[in-house]
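Novice: Let me give you the structure first, and then I'll get to my questions.
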Amino acid sequence: MNEIYRHLAPWLLTITEAIMVLVAAGISFRQRASESGTHFERIETLFQRLAYRRTAAVWFVAVLALGIRAILIPLLGIPLPDWNDEYSHLLAANTFASGHLTNPTHPMWIHFESFQIIQHPSYMSMYAPGQGLVMAAGLALGGHPWIGIWLITAVLCATLCWMLQGWFPPTWALFGGILSVLRLATFSYWMNSYWCPALAATGGALILGAIPRLRSRPRIREAILVAVGLAMMANSRPYEGLVLCVAVAAGLLIWLRGRRLPPFPQLFSRLFLPATCVLIIAAAATGYYYWRVTGSPFRMTYAVNRETYAVVPYFLFFSKRAVPEYHHAVMRDYYAGWEVREFDEARTFTGFVRRTANKLVQLWRFYVGPAFLLPLIAFPWTLRDRRMRLPIIAGSVFCIGWLVETWTFPHYVAPATGLVYLVLVQCMRHLRLWCHNGAPTGKLLVRSVPVVCVGMIFLRLAGISVHAPLEPHWPLGNMDRVRIIERLSAVPGSHLVIVRYGPDHNVDRDWIYNAPDIDRARIVWARDMGEERNVELLRYFHDRHAWLMSGDESPPQLEPYPVD
């Protein structure tokens, strides 16, 4: 029985959601033409009045996202970081919040090497600065980096509503914005982690929302929003943002073919000139950041990290490089071991097919899932819709772009989130018109989508309240690290924790992540390099309590470092 649950556990919520969808679909098909949904019609009337007040509707979506997650804090709490990438983003956030762009390389840096950060030419996160800036804003506004995640996710939902207003009637735009709140701003890891994908998704939505407005009437405001969207993607998911721009440009060439455009002087003054000015300012700021961190405005921190540690490239069509020298076995096992095996498998035909199928399943579970599968019944009708040529062409080109990536997770394709909601809402518009045996079956199926989403929220809340094993990984976060920090905080003075790993260490759950100013940190985490190499670290931090921790044990064992 335990073996069956172990295999089904990752799919338990998806299976439950699918069952709810089947029940809702069965009820919709059994509904008679004479029966009417009076309660639904009253609710729809209220939302229709709000939807036509476009600005108020956008603000409503933002407040709804903020309010729902704030109400859930007593039960869900504030998420804790868990993955290596999250600690890397938090390093950037704390650095920016301290008033610095980067940190000097520590004299004992060799003991602090870790994943997703760089130590030379300065000590900083390897990622683009966008996510760190968002969380630094959270620290400035509310004293916690998650405040930034909470705010930017609400901004994303509001931006999706604004984007949809440019494509569809106001009621459908509001409906799509509310669906994004139910899917992205409650239990989604976008809201409950420190990856911050909502920033890149917001940038993509700004561009997609400005396109139909610029087509009908070129205005400086939309031109500036396009430039801001480009800057947001360039500083969060640069490659995927570039792919989205190429995909949208390809769709625009076909979508605008045969249409009469405004005169060139008007396009130049109201579109190209303001957008270019914003992009020049953004490019100068980004270049200045990289110059301070890597020594060159054209050398990204991501490139420095991969050049220092990686063997395999980010794209499947590039070749492997020579194995660099590693100071720690865990980093060699990851970069020259696990990554190489993944890359080699992906370069084979069967491996590429299997991994592509796995990518599609991941993306389907996150962006669509069983609840949003019902509207896709109308996808064949949407394909023939002239209005949807741009989103469908852009989405197809974007898929080609991420197929060549060695790894893909749902937040990698965050810039294309707006494309998903454009297609989804148009499918629901077509489905709503479908009748079966004279009954408004399509209308009932569309109404069942938010019902299923709300039902899943209450189901997950009930499961967490009674500690039911619906979600084996909730709550999110490294609780062991919190307990160790609490234990050390009860001991006066500062601490040095030297972490020792076993041969089966999980590199995705590493311990060696420190504050920007390591010397002033209350707790310093370092790798065990053997007694001889540890001596130099102990001498440098001679005024701290030294501890030795077994990082792979559960719970981790912490004891005073045996010093002669």
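Identifiers in this document derive from the order of the structure tokens: chains are assigned A, B, ..., residues are numbered from 1 separately in each chain, and ligands are numbered from 1 in order of occurrence.
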Which residues of range 329-350 of chain A come within 12 Å of range 501-512 of chain A, and what is each one's closest atom pair and distance in Å (one decimal), counting only C-alpha atoms, sorted by chain and residue number, as a Markdown table?

Specialist:
```
| residue | atom | partner | partner_atom | distance |
| --- | --- | --- | --- | --- |
| A:Ala329 | CA | A:Pro503 | CA | 9.2 |
| A:Val330 | CA | A:Val507 | CA | 6.9 |
| A:Met331 | CA | A:Val507 | CA | 8.0 |
| A:Arg332 | CA | A:Val507 | CA | 10.6 |
| A:Asp333 | CA | A:Val507 | CA | 8.7 |
| A:Tyr334 | CA | A:Val507 | CA | 6.9 |
| A:Tyr335 | CA | A:Val507 | CA | 10.2 |
| A:Gly337 | CA | A:Val507 | CA | 11.4 |
| A:Trp338 | CA | A:Val507 | CA | 9.8 |
| A:Glu339 | CA | A:Val507 | CA | 11.5 |
```

Novice: Per residue of range 397-493 of chain A within 10 Å of range 309-316 of chain A, which atom pair is closest and at what distance in Å (one decimal), using only C-alpha atoms, listed by chain and increasing number, as JSON lines?

Specialist:
```
{"residue": "A:Trp402", "atom": "CA", "partner": "A:Phe315", "partner_atom": "CA", "distance": 9.2}
{"residue": "A:Leu403", "atom": "CA", "partner": "A:Leu316", "partner_atom": "CA", "distance": 8.9}
{"residue": "A:Val404", "atom": "CA", "partner": "A:Leu316", "partner_atom": "CA", "distance": 5.5}
{"residue": "A:Glu405", "atom": "CA", "partner": "A:Phe315", "partner_atom": "CA", "distance": 4.7}
{"residue": "A:Thr406", "atom": "CA", "partner": "A:Phe315", "partner_atom": "CA", "distance": 5.4}
{"residue": "A:Trp407", "atom": "CA", "partner": "A:Tyr314", "partner_atom": "CA", "distance": 7.7}
```

Novice: Fewer than 6 positions away in the same chain doesn't count, so skip those; otherwise give me all residues within 10 Å of range 430-435 of chain A, counting only C-alpha atoms, as a list in words.

Specialist: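 Selected residues are Phe29, Ala33, Leu374, Pro375, Leu376, Ile377, Ala378, Phe379, Pro380, Trp381, Thr382, Asp385, Thr441, Gly442, Lys443, Leu444, Leu445, Val446 and Arg447 of chain A.
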
Novice: Hey, can you spit out that residue selection with C-alpha atoms as an mmCIF file, in the first residue's frame?

Specialist:
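Full text of part-v2.cif as output:
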```
data_model
loop_
_atom_site.group_PDB
_atom_site.id
_atom_site.type_symbol
_atom_site.label_atom_id
_atom_site.label_comp_id
_atom_site.auth_asym_id
_atom_site.auth_seq_id
_atom_site.Cartn_x
_atom_site.Cartn_y
_atom_site.Cartn_z
ATOM 1 C CA PHE A 29 -24.562 17.309 -19.782
ATOM 2 C CA ALA A 33 -32.899 23.255 -21.385
ATOM 3 C CA LEU A 374 -12.645 21.584 -20.394
ATOM 4 C CA PRO A 375 -12.382 24.875 -22.355
ATOM 5 C CA LEU A 376 -9.843 23.284 -24.694
ATOM 6 C CA ILE A 377 -12.708 21.259 -26.157
ATOM 7 C CA ALA A 378 -13.275 24.349 -28.285
ATOM 8 C CA PHE A 379 -9.631 24.623 -29.401
ATOM 9 C CA PRO A 380 -10.383 23.484 -32.989
ATOM 10 C CA TRP A 381 -12.790 26.423 -33.320
ATOM 11 C CA THR A 382 -10.161 28.755 -31.877
ATOM 12 C CA ASP A 385 -10.334 32.277 -35.435
ATOM 13 C CA THR A 441 -24.178 22.786 -22.038
ATOM 14 C CA GLY A 442 -21.267 24.964 -23.066
ATOM 15 C CA LYS A 443 -22.310 27.747 -20.725
ATOM 16 C CA LEU A 444 -22.492 25.257 -17.837
ATOM 17 C CA LEU A 445 -19.076 23.815 -18.692
ATOM 18 C CA VAL A 446 -17.533 27.283 -18.637
ATOM 19 C CA ARG A 447 -19.194 28.013 -15.290
#
```

Novice: Find, counting only C-alpha atoms, the residue in A:Gly295, A:Thr186, A:Gly177, A:Arg217 that gets nearest to His120 in chain A.

Specialist: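 Using only C-alpha atoms, His120 in chain A sits closest to A:Gly295.
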
Novice: Give me the residues within 9 Å of Ile523 in chain A as a list in words, counting only C-alpha atoms and dropping any in the same chain fewer than 4 places off.

Specialist: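 My list of contacting residues is Ile485, Leu488, Ser489, Ser494, His495, Leu496, Val497, Asn514, Ala515 and Ile518 of chain A.
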
Novice: Would you please extract all alpha helix (DSSP H) residues from range 334-529 of chain A, as assigned by DSSP on the backbone, and give them as JSON, numbers by chain?

Specialist: {"A": [339, 340, 341, 342, 343, 344, 345, 346, 349, 350, 351, 352, 353, 354, 355, 356, 357, 358, 359, 360, 361, 362, 363, 379, 380, 381, 382, 383, 389, 390, 391, 392, 393, 394, 395, 396, 397, 398, 399, 400, 401, 402, 403, 417, 418, 419, 420, 421, 422, 423, 424, 425, 426, 427, 428, 429, 430, 431, 432, 441, 442, 443, 444, 445, 446, 447, 448, 449, 450, 451, 452, 453, 454, 455, 456, 457, 458, 459, 460, 461, 462, 463, 464, 465, 479, 480, 481, 482, 483, 484, 485, 486, 487, 488, 489]}

Novice: Which of range 107-191 of chain A counts as strand (DSSP E or B) under DSSP, as an MDAnalysis selection string please?

Specialist: chainID A and resid 117:118 123:125

Novice: Convert the current residue selection to file output with all heavy atoms, as an mmCIF file, in the first residue's frame.

Specialist:
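And here's part.cif as it stands now:
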```cif
data_model
loop_
_atom_site.group_PDB
_atom_site.id
_atom_site.type_symbol
_atom_site.label_atom_id
_atom_site.label_comp_id
_atom_site.auth_asym_id
_atom_site.auth_seq_id
_atom_site.Cartn_x
_atom_site.Cartn_y
_atom_site.Cartn_z
ATOM 1 N N ILE A 117 25.604 30.494 -7.384
ATOM 2 C CA ILE A 117 26.216 31.761 -6.999
ATOM 3 C C ILE A 117 27.616 31.825 -7.612
ATOM 4 O O ILE A 117 28.150 30.820 -8.081
ATOM 5 C CB ILE A 117 26.303 31.943 -5.466
ATOM 6 C CG1 ILE A 117 27.215 30.873 -4.857
ATOM 7 C CG2 ILE A 117 24.936 31.894 -4.826
ATOM 8 C CD1 ILE A 117 27.456 31.069 -3.373
ATOM 9 N N ILE A 118 28.188 33.019 -7.633
ATOM 10 C CA ILE A 118 29.563 33.181 -8.092
ATOM 11 C C ILE A 118 30.389 33.751 -6.939
ATOM 12 O O ILE A 118 29.868 34.469 -6.084
ATOM 13 C CB ILE A 118 29.659 34.090 -9.333
ATOM 14 C CG1 ILE A 118 29.163 35.506 -9.019
ATOM 15 C CG2 ILE A 118 28.874 33.505 -10.491
ATOM 16 C CD1 ILE A 118 29.400 36.509 -10.143
ATOM 17 N N TYR A 123 31.217 38.314 -5.147
ATOM 18 C CA TYR A 123 30.359 37.324 -4.506
ATOM 19 C C TYR A 123 28.905 37.742 -4.695
ATOM 20 O O TYR A 123 28.465 38.740 -4.135
ATOM 21 C CB TYR A 123 30.734 37.233 -3.026
ATOM 22 C CG TYR A 123 29.747 36.529 -2.127
ATOM 23 C CD1 TYR A 123 29.207 35.292 -2.461
ATOM 24 C CD2 TYR A 123 29.389 37.115 -0.919
ATOM 25 C CE1 TYR A 123 28.313 34.657 -1.612
ATOM 26 C CE2 TYR A 123 28.505 36.473 -0.054
ATOM 27 C CZ TYR A 123 27.969 35.257 -0.417
ATOM 28 O OH TYR A 123 27.085 34.627 0.440
ATOM 29 N N MET A 124 28.140 36.974 -5.532
ATOM 30 C CA MET A 124 26.789 37.400 -5.869
ATOM 31 C C MET A 124 26.003 36.238 -6.458
ATOM 32 O O MET A 124 26.575 35.190 -6.807
ATOM 33 C CB MET A 124 26.840 38.563 -6.868
ATOM 34 C CG MET A 124 25.519 39.263 -7.118
ATOM 35 S SD MET A 124 24.684 39.764 -5.607
ATOM 36 C CE MET A 124 23.352 40.742 -6.231
ATOM 37 N N SER A 125 24.701 36.400 -6.551
ATOM 38 C CA SER A 125 23.835 35.442 -7.234
ATOM 39 C C SER A 125 24.211 35.369 -8.702
ATOM 40 O O SER A 125 24.640 36.349 -9.304
ATOM 41 C CB SER A 125 22.380 35.859 -7.091
ATOM 42 O OG SER A 125 21.544 35.130 -7.978
#
```

Novice: Could you check the closest approach to Ala136 in chain A for each of A:Pro516, A:Gly26, A:Gly99, A:Gly67 and tell me which residue wins, using only C-alpha atoms?

Specialist: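 Result for the nearest residue to Ala136 in chain A: A:Gly99.
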